[in-house]
Amino acid sequence: MSERDERLTPAAGDDILAQLEAEVAHELEEHRPPPGGPAYQVISSLVALAVGVTGAVLAYGYGLGTLRRPGAGLWPFVVSMLIVVLSLLLLLIGRRLQDSERFTRASLLVLVGLATFVGVAVLLPIIGFEIPSLLLCVVWLKFLGGESWRSTAIVSLATVVAFYLLFLYGLSIPLPHLF
Amino acid sequence: MNIDAFLSGFTSATEPQNLLYCLIGVLIGMLIGVLPGLGPAATMAILLPIVVTVDPVSGIIMMAGIYYGAQYGGTITSVLLQLPGEASSVVTVFDGFALAKQGKAGAALGVAAIGSFVGATISIVGLTLLAPLVASWALDFGPPEYAALALLGVLLVATIGSGNTVKAMIAAATGLLFATVGRDSFTNTGRFTFDSLELAEGLDFVVVAMGLFGVAEILYNLEERHGKVHVPVKVGKVWPTRRDLRQSSGAIGRGSVIGFFLGVLPGGGAVMASLAAYATEKRISKNPERFGRGALEGVAAPESANNAAATSSFIPLLTLGIPANASMGMLFAALLVLGVTPGPQLVEENPELFWGVINSMYIGNLLLLLLSIPLVGIFIRVLRVRPAILAPIICVITIIGVYTINNSTFDIFVMILFGIVGYLMKKTGFEPGPMVLAFVLGAILEDSVRRSLLIFGGDPTQFFTRPISGTILACFLLVVLLPVIQAVRHRRTAPTTTADQPDRKDSLR
């Protein structure tokens with residue numbers, strides 16, 4: 001608290017808004033992993049650059065046409081070139097930015113979470129939504145959320161039953177279902 | 001203004017069904033406002049497939065309720081737990097929590113609720129009076145004006161928004177590029193389709209938004225460390241005293257006006273407004289040192305402002321068809337899915353929807369005022385629900401929801417892909433917000449630019465010589481050049497300070 005009071009004293013100048021913004025960012029940052037280094041910045045700029053270059057090359061192939069008769073590729077080409085220019089700019093000035101976040105062990109949880117999404121997407125048309133949704137709930141509650149088996153069982157069953165009733169009866173949306 | 005249409009809007013808004021959806025909307029809004037993690041834009045994205053199955057007017061009333069309801073909910077946790085539920089309530093934490101520690105939590109919550117109501121209501125009156133005027137003025141807009149307006153909209157969202165500007169502009173440009181995927185409507189050439197039949201149809205922006213906002217946010221929150229235990233402060237009397245109200249009335253008034261104007265600006269909205277209102281109060285205060293130590297104005301001003309801004313940001317959407325921020329982008333998407341094209345013709349062609357939605361906001365805010373004070377206890381109890389229990393429920397709604405849009409598993413995979421993109425963007429300091437908004441505006445922008453070029457016979461200078469599009473583009477150049485000039489001047493006067501200061505505000509939206 002004392003740190004904040006110090007930074008928000010009126011003597012610190014007229015730019016209260018800028019101070020507030022920094023303060024707010026700090027407030028939101030507390031629960032997050034530390035910033036990644038310049039490597040994160042350089043790699044993300046290079047990825048953006050690659051997107052721009054690929055877009056420009058493909059768009060060129062669709063035909064640029066003329067300003068009088070714009071071809072299919074003109075607009076995406078212009079947009080891609082904009083991405084290229086901006087990524088180069090970012091590569092030049094953005095190396096020391098602190099706005100990235102390091103990947104930590106907790107990032108592995110994200111991979112597990114993603115896997116459950118893909119699993120449901122694959123299984124949904126084959127065996128209906130009930131069993132995949134139930135499994136997703138179990139993984140998220142028990143393994144990602146650290147809940148007890150008891151609350152895992154209650155919440156996942158209740159969720160699937162509630163969605164069954166909501167989608168198939170409440171909204172009568174056709175959804176692949178087993179039961 | 002057409003009084004009959006305005007009044008019949010009230011009839012529509014007070015139909016039992018619409019009242020019910022309004023109530024559901026504001027309750028969901030308050031709930032997600034109380035719960036940190038999921039913002040209004042993400043919630044609207046996730047619920048979109050369900051909302052579009054109901055009647056258009058009811059659906060939009062509900063979506064709107066989620067947005068402005070969230071502004072009320074965010075206050076409660078800011079004051080009681082020092083934990084902003086919503087980015088737009090972060091500044092409320094400074095004085096709100098200080099007040100709570102002094103045993104004045106009730107007064108803070110009461111003033112915030114009343115300020116929110118006043119701010120929103122002033123803003124709705126402004127919206128009621130101004131929106132038809134803007135719409136009738138914009139009826140003459142042709143493709144060049146729309147091109148200029150959409151361009152300015154994308155740019156403002158990228159620059160005014162928080163975070164690094166270059167990154168935000170890259171995100172926006174990439175959004176524009178993604179919008180071109182699919183068959184080109186002018187020449188029938190497939191673009192970026194890679195011979196896929198599904199991609200030839202183009203990317204559905206509901207699917208993209210659900211990925212970039214919904215899935216990305218769910219994945220990102222998985223990494224959150226829940227170390228801190230939050231114990232709510234006891235709430236005494238919730239009603240503020242007359243003295244409290246007198247003390248904060250000026251702040252409420254100023255906050256409402258600031259909020260109204262910042263909300264109309266593209267890229268403005270609730271977050272900017274709450275910051276600006278707090279800063280203004282502190283700047284004009286006779287003893288600014290009180291701020292941060294429990295000044296009632298420090299709660300009243302940002303809370304009035306964020307509600308006023310949340311309301312006035314409907315103006316550009318309902319009158320020009322240009323969404324001003326990410327949440328409005330979701331509302332825009334919902335309208336399109338429901339077969340309604342937002343734009344200046346909306347007030348004439350679809351008065352029931354236009355006035356029904358606007359007038360439902362009067363009712364919704366009244367509901368929120370009535371609910372927020374007595375229900376504070378219940379909402380605090382909601383906080384005891386662990387995030388781990390909500391996460392899988394949100395996942396299931398998201399996956400099933402996106403599937404039901406087109407009954408397609410392909411859409412689920414597209415959503416997951418954009419979820420990964422959004423997650424990686426958040427990790428590397430790129431905001432998904434400008435990308436979604438640019439994606440939504442991309443089709444309008446390209447279409448308008450190409451139509452304009454056809455009209456102009458291939459002479460792009462005419463964009464600048466037409467009075468309205470010329471003025472808008474002059475604003476555009478001003479927005480681009482001003483920061484550059486400032487940076488150059490800054491560097492000249494203070495060569496020791498580095499230009500790229502660390503600014504990490506990407507979770508602000």
# chains A, B, ... in the order shown; residues from 1 in each chain; ligands from 1
>>> residues_around(residues="Pro344 (chain B)", least_positions_apart="3", cutoff="8 Å", atoms="only C-alpha atoms", output="ChimeraX atom specification")
/B:134-136,138-139,318-321,347
>>> write_last_selection(atoms="N, CA, C and O atoms", output="PDB file, in the first residue's frame")
ATOM      1  N   VAL B 134     -27.637  11.318 -35.310  1.00  0.00           N
ATOM      2  CA  VAL B 134     -26.442  10.796 -35.977  1.00  0.00           C
ATOM      3  C   VAL B 134     -26.855   9.885 -37.118  1.00  0.00           C
ATOM      4  O   VAL B 134     -26.311   9.946 -38.215  1.00  0.00           O
ATOM      5  N   ALA B 135     -27.862   9.049 -36.856  1.00  0.00           N
ATOM      6  CA  ALA B 135     -28.289   8.100 -37.878  1.00  0.00           C
ATOM      7  C   ALA B 135     -28.812   8.825 -39.108  1.00  0.00           C
ATOM      8  O   ALA B 135     -28.479   8.474 -40.240  1.00  0.00           O
ATOM      9  N   SER B 136     -29.608   9.876 -38.909  1.00  0.00           N
ATOM     10  CA  SER B 136     -30.188  10.551 -40.072  1.00  0.00           C
ATOM     11  C   SER B 136     -29.102  11.286 -40.847  1.00  0.00           C
ATOM     12  O   SER B 136     -29.149  11.391 -42.072  1.00  0.00           O
ATOM     13  N   ALA B 138     -26.017  10.228 -41.046  1.00  0.00           N
ATOM     14  CA  ALA B 138     -25.160   9.229 -41.678  1.00  0.00           C
ATOM     15  C   ALA B 138     -25.852   8.517 -42.832  1.00  0.00           C
ATOM     16  O   ALA B 138     -25.215   7.742 -43.542  1.00  0.00           O
ATOM     17  N   LEU B 139     -27.146   8.787 -43.028  1.00  0.00           N
ATOM     18  CA  LEU B 139     -27.864   8.100 -44.112  1.00  0.00           C
ATOM     19  C   LEU B 139     -27.263   8.422 -45.473  1.00  0.00           C
ATOM     20  O   LEU B 139     -27.341   7.621 -46.395  1.00  0.00           O
ATOM     21  N   LEU B 318     -25.167   1.471 -33.112  1.00  0.00           N
ATOM     22  CA  LEU B 318     -26.558   1.509 -33.551  1.00  0.00           C
ATOM     23  C   LEU B 318     -26.800   2.530 -34.657  1.00  0.00           C
ATOM     24  O   LEU B 318     -27.780   2.436 -35.385  1.00  0.00           O
ATOM     25  N   THR B 319     -25.926   3.555 -34.777  1.00  0.00           N
ATOM     26  CA  THR B 319     -26.192   4.580 -35.777  1.00  0.00           C
ATOM     27  C   THR B 319     -25.300   4.473 -37.005  1.00  0.00           C
ATOM     28  O   THR B 319     -25.704   4.854 -38.085  1.00  0.00           O
ATOM     29  N   LEU B 320     -24.065   3.990 -36.838  1.00  0.00           N
ATOM     30  CA  LEU B 320     -23.161   3.921 -37.981  1.00  0.00           C
ATOM     31  C   LEU B 320     -22.852   2.480 -38.367  1.00  0.00           C
ATOM     32  O   LEU B 320     -22.347   2.214 -39.449  1.00  0.00           O
ATOM     33  N   GLY B 321     -23.148   1.562 -37.455  1.00  0.00           N
ATOM     34  CA  GLY B 321     -22.771   0.181 -37.706  1.00  0.00           C
ATOM     35  C   GLY B 321     -21.294  -0.053 -37.484  1.00  0.00           C
ATOM     36  O   GLY B 321     -20.719  -0.982 -38.023  1.00  0.00           O
ATOM     37  N   VAL B 347     -32.694   2.629 -37.437  1.00  0.00           N
ATOM     38  CA  VAL B 347     -33.744   3.320 -36.697  1.00  0.00           C
ATOM     39  C   VAL B 347     -35.032   3.406 -37.523  1.00  0.00           C
ATOM     40  O   VAL B 347     -36.133   3.337 -36.985  1.00  0.00           O
TER      41      VAL B 347
END
>>> residues_around(residues="Ile131 (chain A)", least_positions_apart="4", cutoff="9 Å", atoms="only C-alpha atoms", output="list in words")
Val120, Leu123, Leu124, Ile127, Leu135, Leu136, Val160 and Leu178 of chain A
>>> write_last_selection(atoms="C-alpha atoms", output="tab-separated table (two decimals), in the first residue's frame")
chain	number	residue	atom	x	y	z
A	120	VAL	CA	-14.36	-33.44	-27.45
A	123	LEU	CA	-15.55	-37.58	-30.26
A	124	LEU	CA	-18.64	-35.35	-30.48
A	127	ILE	CA	-20.52	-40.82	-29.73
A	135	LEU	CA	-14.72	-36.62	-19.43
A	136	LEU	CA	-13.74	-33.01	-20.05
A	160	VAL	CA	-23.91	-32.70	-18.42
A	178	LEU	CA	-26.06	-40.91	-27.28
>>> closest_residue(among="A:Ser45, A:Ser148, A:Gln98, A:Ser172", to="chain B", atoms="only C-alpha atoms")
A:Gln98
>>> atom_distance(atom1="CA of Leu134 (chain A)", atom2="CA of Thr116 (chain A)")
10.8 Å
>>> select_by_dssp(residues="region 214-325 of chain B", states="helix (DSSP H, G or I)", output="PyMOL selection string")
chain B and resi 214-222+242-264+270-284+288-290+297-312+314-320
>>> closest_atom_pairs(of="region 143-249 of chain B", to="region 405-427 of chain B", cutoff="10 Å", atoms="only C-alpha atoms", output="Markdown table")
| residue | atom | partner | partner_atom | distance |
| --- | --- | --- | --- | --- |
| B:Lys167 | CA | B:Met425 | CA | 9.6 |
| B:Ala171 | CA | B:Met425 | CA | 8.7 |
| B:Glu198 | CA | B:Phe410 | CA | 7.7 |
| B:Leu199 | CA | B:Phe410 | CA | 9.6 |
| B:Leu203 | CA | B:Val414 | CA | 8.3 |
| B:Asp204 | CA | B:Asp411 | CA | 8.3 |
| B:Phe205 | CA | B:Met415 | CA | 9.9 |
| B:Val206 | CA | B:Ile405 | CA | 8.6 |
| B:Val207 | CA | B:Met415 | CA | 5.5 |
| B:Val208 | CA | B:Met415 | CA | 5.9 |
| B:Ala209 | CA | B:Met415 | CA | 8.0 |
| B:Met210 | CA | B:Met415 | CA | 6.4 |
| B:Gly211 | CA | B:Gly419 | CA | 4.1 |
| B:Leu212 | CA | B:Gly422 | CA | 4.7 |
| B:Phe213 | CA | B:Gly422 | CA | 7.2 |
| B:Gly214 | CA | B:Gly419 | CA | 7.4 |
| B:Val215 | CA | B:Gly419 | CA | 4.8 |
| B:Ala216 | CA | B:Gly419 | CA | 4.4 |
| B:Glu217 | CA | B:Tyr423 | CA | 7.1 |
| B:Ile218 | CA | B:Gly419 | CA | 8.8 |
| B:Leu219 | CA | B:Tyr423 | CA | 6.7 |
| B:Tyr220 | CA | B:Tyr423 | CA | 6.0 |
| B:Asn221 | CA | B:Tyr423 | CA | 9.7 |
>>> atom_distance(atom1="CA of Met30 (chain B)", atom2="CA of Leu370 (chain B)")
12.6 Å
>>> residues_around(residues="Asn365 (chain B)", least_positions_apart="3", cutoff="10 Å", atoms="only C-alpha atoms", output="NGL selection string")
:B and (22-23 or 26 or 65 or 68-69 or 72 or 113 or 116-121 or 124 or 307 or 360-362 or 368-371)
>>> atom_distance(atom1="CA of Gly429 (chain B)", atom2="CA of Gly269 (chain B)")
20.7 Å
>>> closest_residue(among="B:Thr193, B:Thr461, B:Thr165, B:Ser88", to="Ile93 (chain A)", atoms="only C-alpha atoms")
B:Thr165
>>> closest_residue(among="A:Ala50, A:Leu141, A:Val112, A:Val85", to="chain B", atoms="only C-alpha atoms")
A:Leu141
>>> residues_around(residues="Thr159 (chain A)", least_positions_apart="4", cutoff="12 Å", atoms="only C-alpha atoms", output="list in words")
Phe129, Glu130, Ile131, Ser133, Leu134, Leu135, Leu136, Cys137, Val138, Leu141, Ser151, Thr152, Ala153, Ile154, Val155, Phe163, Tyr164, Leu165, Leu166 and Phe167 of chain A; Ile389, Leu390, Ala391, Pro392, Ile393, Ile394, Cys395, Val396 and Ile397 of chain B
>>> closest_residue(among="B:Ser313, B:Ser123, B:Thr77, B:Thr174", to="Ile83 (chain A)", atoms="only C-alpha atoms")
B:Thr174
>>> residues_around(residues="region 33-43 of chain A", least_positions_apart="6", cutoff="8 Å", atoms="only C-alpha atoms", output="number ranges by chain")
A: 91, 94-104; B: 428
>>> decode(residues="region 312-349 of chain B", atoms="N, CA, C and O atoms", output="mmCIF file, in the first residue's frame")
data_model
loop_
_atom_site.group_PDB
_atom_site.id
_atom_site.type_symbol
_atom_site.label_atom_id
_atom_site.label_comp_id
_atom_site.auth_asym_id
_atom_site.auth_seq_id
_atom_site.Cartn_x
_atom_site.Cartn_y
_atom_site.Cartn_z
ATOM 1 N N SER B 312 -22.934 4.769 -23.741
ATOM 2 C CA SER B 312 -22.804 5.608 -24.932
ATOM 3 C C SER B 312 -22.047 4.893 -26.039
ATOM 4 O O SER B 312 -22.130 5.291 -27.191
ATOM 5 N N SER B 313 -21.315 3.823 -25.704
ATOM 6 C CA SER B 313 -20.617 3.124 -26.782
ATOM 7 C C SER B 313 -21.594 2.384 -27.699
ATOM 8 O O SER B 313 -21.193 1.868 -28.732
ATOM 9 N N PHE B 314 -22.873 2.379 -27.339
ATOM 10 C CA PHE B 314 -23.871 1.829 -28.264
ATOM 11 C C PHE B 314 -24.131 2.786 -29.424
ATOM 12 O O PHE B 314 -24.651 2.374 -30.451
ATOM 13 N N ILE B 315 -23.814 4.077 -29.247
ATOM 14 C CA ILE B 315 -24.162 5.055 -30.292
ATOM 15 C C ILE B 315 -23.513 4.725 -31.630
ATOM 16 O O ILE B 315 -24.212 4.574 -32.630
ATOM 17 N N PRO B 316 -22.160 4.594 -31.693
ATOM 18 C CA PRO B 316 -21.590 4.287 -33.009
ATOM 19 C C PRO B 316 -22.088 2.976 -33.603
ATOM 20 O O PRO B 316 -22.242 2.864 -34.820
ATOM 21 N N LEU B 317 -22.384 2.006 -32.753
ATOM 22 C CA LEU B 317 -22.859 0.723 -33.279
ATOM 23 C C LEU B 317 -24.259 0.864 -33.875
ATOM 24 O O LEU B 317 -24.517 0.443 -35.005
ATOM 25 N N LEU B 318 -25.167 1.471 -33.112
ATOM 26 C CA LEU B 318 -26.558 1.509 -33.551
ATOM 27 C C LEU B 318 -26.800 2.530 -34.657
ATOM 28 O O LEU B 318 -27.780 2.436 -35.385
ATOM 29 N N THR B 319 -25.926 3.555 -34.777
ATOM 30 C CA THR B 319 -26.192 4.580 -35.777
ATOM 31 C C THR B 319 -25.300 4.473 -37.005
ATOM 32 O O THR B 319 -25.704 4.854 -38.085
ATOM 33 N N LEU B 320 -24.065 3.990 -36.838
ATOM 34 C CA LEU B 320 -23.161 3.921 -37.981
ATOM 35 C C LEU B 320 -22.852 2.480 -38.367
ATOM 36 O O LEU B 320 -22.347 2.214 -39.449
ATOM 37 N N GLY B 321 -23.148 1.562 -37.455
ATOM 38 C CA GLY B 321 -22.771 0.181 -37.706
ATOM 39 C C GLY B 321 -21.294 -0.053 -37.484
ATOM 40 O O GLY B 321 -20.719 -0.982 -38.023
ATOM 41 N N ILE B 322 -20.652 0.808 -36.693
ATOM 42 C CA ILE B 322 -19.228 0.649 -36.388
ATOM 43 C C ILE B 322 -19.098 0.349 -34.894
ATOM 44 O O ILE B 322 -19.404 1.200 -34.067
ATOM 45 N N PRO B 323 -18.677 -0.865 -34.534
ATOM 46 C CA PRO B 323 -18.533 -1.167 -33.113
ATOM 47 C C PRO B 323 -17.325 -0.458 -32.513
ATOM 48 O O PRO B 323 -16.263 -0.434 -33.113
ATOM 49 N N ALA B 324 -17.511 0.154 -31.329
ATOM 50 C CA ALA B 324 -16.463 0.973 -30.734
ATOM 51 C C ALA B 324 -15.485 0.168 -29.895
ATOM 52 O O ALA B 324 -14.382 0.591 -29.659
ATOM 53 N N ASN B 325 -15.878 -0.979 -29.406
ATOM 54 C CA ASN B 325 -14.953 -1.788 -28.612
ATOM 55 C C ASN B 325 -15.305 -3.264 -28.774
ATOM 56 O O ASN B 325 -16.248 -3.613 -29.489
ATOM 57 N N ALA B 326 -14.535 -4.107 -28.113
ATOM 58 C CA ALA B 326 -14.678 -5.542 -28.338
ATOM 59 C C ALA B 326 -16.085 -6.048 -27.991
ATOM 60 O O ALA B 326 -16.665 -6.841 -28.734
ATOM 61 N N SER B 327 -16.655 -5.546 -26.895
ATOM 62 C CA SER B 327 -17.987 -6.011 -26.519
ATOM 63 C C SER B 327 -19.021 -5.596 -27.554
ATOM 64 O O SER B 327 -19.936 -6.356 -27.886
ATOM 65 N N MET B 328 -18.869 -4.358 -28.064
ATOM 66 C CA MET B 328 -19.789 -3.914 -29.107
ATOM 67 C C MET B 328 -19.581 -4.731 -30.382
ATOM 68 O O MET B 328 -20.521 -4.963 -31.139
ATOM 69 N N GLY B 329 -18.355 -5.181 -30.589
ATOM 70 C CA GLY B 329 -18.077 -6.056 -31.726
ATOM 71 C C GLY B 329 -18.902 -7.329 -31.631
ATOM 72 O O GLY B 329 -19.430 -7.821 -32.634
ATOM 73 N N MET B 330 -19.035 -7.842 -30.411
ATOM 74 C CA MET B 330 -19.823 -9.060 -30.212
ATOM 75 C C MET B 330 -21.301 -8.797 -30.460
ATOM 76 O O MET B 330 -22.019 -9.623 -31.010
ATOM 77 N N LEU B 331 -21.758 -7.610 -30.049
ATOM 78 C CA LEU B 331 -23.155 -7.256 -30.278
ATOM 79 C C LEU B 331 -23.408 -7.098 -31.776
ATOM 80 O O LEU B 331 -24.454 -7.509 -32.294
ATOM 81 N N PHE B 332 -22.438 -6.528 -32.457
ATOM 82 C CA PHE B 332 -22.486 -6.373 -33.904
ATOM 83 C C PHE B 332 -22.625 -7.751 -34.553
ATOM 84 O O PHE B 332 -23.488 -7.968 -35.409
ATOM 85 N N ALA B 333 -21.780 -8.681 -34.087
ATOM 86 C CA ALA B 333 -21.833 -10.037 -34.623
ATOM 87 C C ALA B 333 -23.198 -10.655 -34.373
ATOM 88 O O ALA B 333 -23.793 -11.269 -35.266
ATOM 89 N N ALA B 334 -23.726 -10.453 -33.163
ATOM 90 C CA ALA B 334 -25.028 -11.030 -32.835
ATOM 91 C C ALA B 334 -26.107 -10.473 -33.758
ATOM 92 O O ALA B 334 -26.951 -11.214 -34.276
ATOM 93 N N LEU B 335 -26.074 -9.167 -34.006
ATOM 94 C CA LEU B 335 -27.067 -8.550 -34.880
ATOM 95 C C LEU B 335 -26.988 -9.145 -36.275
ATOM 96 O O LEU B 335 -28.017 -9.490 -36.881
ATOM 97 N N LEU B 336 -25.755 -9.300 -36.796
ATOM 98 C CA LEU B 336 -25.605 -9.848 -38.144
ATOM 99 C C LEU B 336 -26.130 -11.281 -38.208
ATOM 100 O O LEU B 336 -26.807 -11.658 -39.161
ATOM 101 N N VAL B 337 -25.818 -12.080 -37.171
ATOM 102 C CA VAL B 337 -26.292 -13.462 -37.166
ATOM 103 C C VAL B 337 -27.820 -13.485 -37.159
ATOM 104 O O VAL B 337 -28.455 -14.336 -37.780
ATOM 105 N N LEU B 338 -28.419 -12.518 -36.467
ATOM 106 C CA LEU B 338 -29.876 -12.459 -36.394
ATOM 107 C C LEU B 338 -30.483 -11.865 -37.660
ATOM 108 O O LEU B 338 -31.696 -11.696 -37.762
ATOM 109 N N GLY B 339 -29.640 -11.517 -38.619
ATOM 110 C CA GLY B 339 -30.145 -10.996 -39.881
ATOM 111 C C GLY B 339 -30.435 -9.510 -39.858
ATOM 112 O O GLY B 339 -31.180 -9.006 -40.694
ATOM 113 N N VAL B 340 -29.881 -8.787 -38.900
ATOM 114 C CA VAL B 340 -30.077 -7.342 -38.833
ATOM 115 C C VAL B 340 -28.741 -6.681 -39.118
ATOM 116 O O VAL B 340 -27.748 -6.994 -38.472
ATOM 117 N N THR B 341 -28.700 -5.780 -40.121
ATOM 118 C CA THR B 341 -27.455 -5.076 -40.389
ATOM 119 C C THR B 341 -27.481 -3.764 -39.637
ATOM 120 O O THR B 341 -28.294 -2.895 -39.934
ATOM 121 N N PRO B 342 -26.610 -3.602 -38.631
ATOM 122 C CA PRO B 342 -26.611 -2.328 -37.918
ATOM 123 C C PRO B 342 -26.064 -1.233 -38.810
ATOM 124 O O PRO B 342 -25.127 -1.451 -39.568
ATOM 125 N N GLY B 343 -26.665 -0.066 -38.734
ATOM 126 C CA GLY B 343 -26.249 1.053 -39.567
ATOM 127 C C GLY B 343 -27.282 2.150 -39.464
ATOM 128 O O GLY B 343 -28.249 2.018 -38.704
ATOM 129 N N PRO B 344 -27.094 3.233 -40.226
ATOM 130 C CA PRO B 344 -28.013 4.367 -40.082
ATOM 131 C C PRO B 344 -29.461 4.033 -40.434
ATOM 132 O O PRO B 344 -30.382 4.716 -39.982
ATOM 133 N N GLN B 345 -29.651 2.985 -41.217
ATOM 134 C CA GLN B 345 -31.028 2.662 -41.615
ATOM 135 C C GLN B 345 -31.776 1.915 -40.515
ATOM 136 O O GLN B 345 -32.978 1.736 -40.593
ATOM 137 N N LEU B 346 -31.055 1.508 -39.475
ATOM 138 C CA LEU B 346 -31.658 0.664 -38.437
ATOM 139 C C LEU B 346 -32.842 1.347 -37.755
ATOM 140 O O LEU B 346 -33.896 0.734 -37.563
ATOM 141 N N VAL B 347 -32.694 2.629 -37.437
ATOM 142 C CA VAL B 347 -33.744 3.320 -36.697
ATOM 143 C C VAL B 347 -35.032 3.406 -37.523
ATOM 144 O O VAL B 347 -36.133 3.337 -36.985
ATOM 145 N N GLU B 348 -34.902 3.515 -38.859
ATOM 146 C CA GLU B 348 -36.084 3.590 -39.704
ATOM 147 C C GLU B 348 -36.654 2.208 -40.022
ATOM 148 O O GLU B 348 -37.858 1.984 -39.953
ATOM 149 N N GLU B 349 -35.739 1.288 -40.353
ATOM 150 C CA GLU B 349 -36.205 -0.011 -40.833
ATOM 151 C C GLU B 349 -36.616 -0.944 -39.710
ATOM 152 O O GLU B 349 -37.425 -1.829 -39.901
#
